[in-house]
Amino acid sequence: MSAERSFRKEVESLRLGDGEIFHGEGILAVTKALLQSGVAYVGGYQGAPVSHLLDVLLDSEELMDEMGVHVETGANEAAAAAMLGASINYPLRGAVGWKSIVGTNVAADALSNLASPGVVGGALIISGEDYGEGASIIQERTLSMAMKSSMWMVDPRPNLTTIVDTVEKSFELSEVSNTPIIMQLRIRACHVQGRFVAKDNRKPPINTRERKKDPAPFEYARLAHPPVTFIQEKLKVEQRLPAAQKYIREKGLNEIFDGDISRHGIIVPGGLYNTLIRRLARLGLADDFGNTRIPLLVLNVIHPLVPDQITDFCAGRDAVLVMEEGNPEYLEHQINGILRKADIQTRVHGKDVMPMAGEYNATVMHKGLMGFIEAEGLGIGDPASIREEDQRFSAALDGAADAFPAPLPPRPPQFCTGCPERPVFSALKLIQAEVGKVHIAADIGCHAFATFEPFSMGNSILGYGMSLASAAAVAPFQDKRSISIMGDGGFWHNGLTTGVIGTMLNEGDSVLVIMQNGFTSATGQQFIPSSEKGRGGRKPGMSIEKTLQSLGVPWLRKVRTYSVSEMVDTLREALTTPEKGLKVIIADGECQLARQRRLRGEHAEKLKQGGRVELPRFGIDDEVCTGDHSCIRLSGCPSLTIKPNPDPLRSDPVANVNNNCVGCGLCGEVSHAATLCPSFYRAERVRNPGIVDRAVAGLRNGVINLLQGRAA
């Protein structure tokens, strides 16, 4: 379950039966499709844009228990992928989900060993593709992994009916060809809203309530181990591939949309269909209901391709356009090869008119379509209307540029207001001013925001929980100890083994700062092994501090993150102590978003019962502030800004705390640790004040009025 939001209301729609209409978003529809498919077990690891797949499953724990479906949160993607091993020996349908290529990379070893022997029960991997300029990951495609290991990959059109049908048919395709299936869901597909006609949920024949009495008999052929791996490799191409291609064709997984411009066509992965059809409509080559004039072959299955389906579509056409994001152009190469082997001379356009890399958004797709039309002559469609739309589109782009003649200031992502990780980087900034620059290995997670201004810290990012391992070969060549940053989510995901144990094994002498905020915050605040509460509100009972002590870490400190001066002292000690070995600082501070949500509920309950609620706020005395703004440069808090100086004799703007302040106290802590000006003050806003509060407030006001009167 996610601390960010609950899906308890939405999951009631998972109980809809045959003929009822389901309304909702993509991931919820995927969950419903899993239940309609008779899935027996589901797992995964959180990661946008499919983080809430697990959130939905955990919020519907009661329904899953009724259905006998086992739900498991993986410690990482490799653990989730290994779960699918249950489908190797048993007719159990299983599904797992994670974040696109980064998750697939972590799971690669398990996936290869799963794909080699193949599966008896359907196995489905739901990969949330996060591609393009808005992505938070490296720009690679999961398709390469599917091709490498001979797993089939589906890419459904982004509407709920197609997504649900694809989930159900993916299990059948998996079982027909004994092969795991990867379903890539682009970020828009994950969040697309829509409806579909529901079916009854299917209880798996073997489930947690009706268990299998005896294990499967031993079969060496079901192991991913020599010598049978050589036979398995032959089975992939001699039996599984033809079976998959036959099923894809017979069941119509790929879709053909005919049009009257028969001399040309477009081959497009399902995930790009929505953007394509809208651009075609603007060019007069389709209508708003999806009826296209130029024929389309929509590949809801992008691996494997079906050769005779490609040749049937291309035969008799002058040219086709293949739309495929990323480089190299796997689909374009395959389609060219299929056509040339069949001696079909249809011209194939692709990367000659489309970009080699990057997301195919509406702007990119428009330019690519225009390139295709111009390459083939404006005889495609109505030349006048196409030119008119192209001119309108170009004018719109030029107008957008003209609307902002001066370049907009960059607005990189940053820590939330009051984030407990921000003061750690303030402390790092202060200690480096004292001891000099040190090598800082950054990591994936909220703390990666420190790579942006005003901190600009981090020499490398090598993977989730991999910071300490990435600094292993740097530390021996530096005259100062390196510092590695790691989140508590990254610690449990990968950092414990690759980082801490690896450094201990090799007697490394470096510093590790673990940000302990209680959640995997960047993906929606899912619970982790060391969270205060876990599944069902139960405490997992694991501790980072006790784990490190049990491993024999020689130097271990735990510091409240907001204590900037204490953090500076601890970092100084870690960097300068003569004691050798790994030095770990646990920077402890609850995620501020989770804390604010928790406090809002607690305060609302107190106020409802007439209780006293005290809310801290910080401010800056305009008359004391010197206007050097060191506080802003050292903390970067979004609630710290500037305003005109009220003193007519001073021109420098003064610092100001705006209404976003959550009262974390970092600004005051930084001022104290850096020996800055004493312009910050703390005030307490009291709601439902008692008699004592009112008396004290009255006394204070009286004294202030008296002093103001004398001054006047």
# chains A, B, ... in the order shown; residues from 1 in each chain; ligands from 1
>>> residues_around(residues="Met457 in chain A", least_positions_apart="4", cutoff="7 Å", atoms="only C-alpha atoms", output="number ranges by chain")
A: 440, 450-451
>>> select_by_dssp(residues="range 538-668 of chain A", states="helix (DSSP H, G or I)", output="PyMOL selection string")
chain A and resi 544-551+564-576+592-608+630-635+666-668
>>> residues_around(residues="range 180-197 of chain A", least_positions_apart="4", cutoff="6 Å", atoms="only C-alpha atoms", output="list in words")
Gly19, Glu20, Ile21, Phe22, His23, Gly24, Glu25, Gly26, Ile27, Pro49, Ala123, Leu124, Ile125, Ile126, Ser127, Gly128, Glu129, Asp130, Met151, Trp152, Met153, Val154, Asp155, Pro158, Leu160, Thr161 and Ser174 of chain A
>>> residues_around(residues="Leu556 in chain A", least_positions_apart="3", cutoff="12 Å", atoms="only C-alpha atoms", output="PyMOL selection string")
chain A and resi 511-514+544-553+559+570-571+573-574+579+581-587
>>> select_by_dssp(residues="range 615-674 of chain A", states="strand (DSSP E)", output="list in words")
Leu615, Pro616, Arg617, Phe618, Gly619, Ile620, Leu640, Thr641, Ile642, Lys643, Val654, Ala655, Asn656 and Val657 of chain A
>>> closest_residue(among="A:Ser13, A:Thr275, A:Asn76, A:Gln345", to="Met365 in chain A", atoms="only C-alpha atoms")
A:Thr275
>>> atom_distance(atom1="CA of Val69 in chain A", atom2="CA of Ala29 in chain A")
17.1 Å
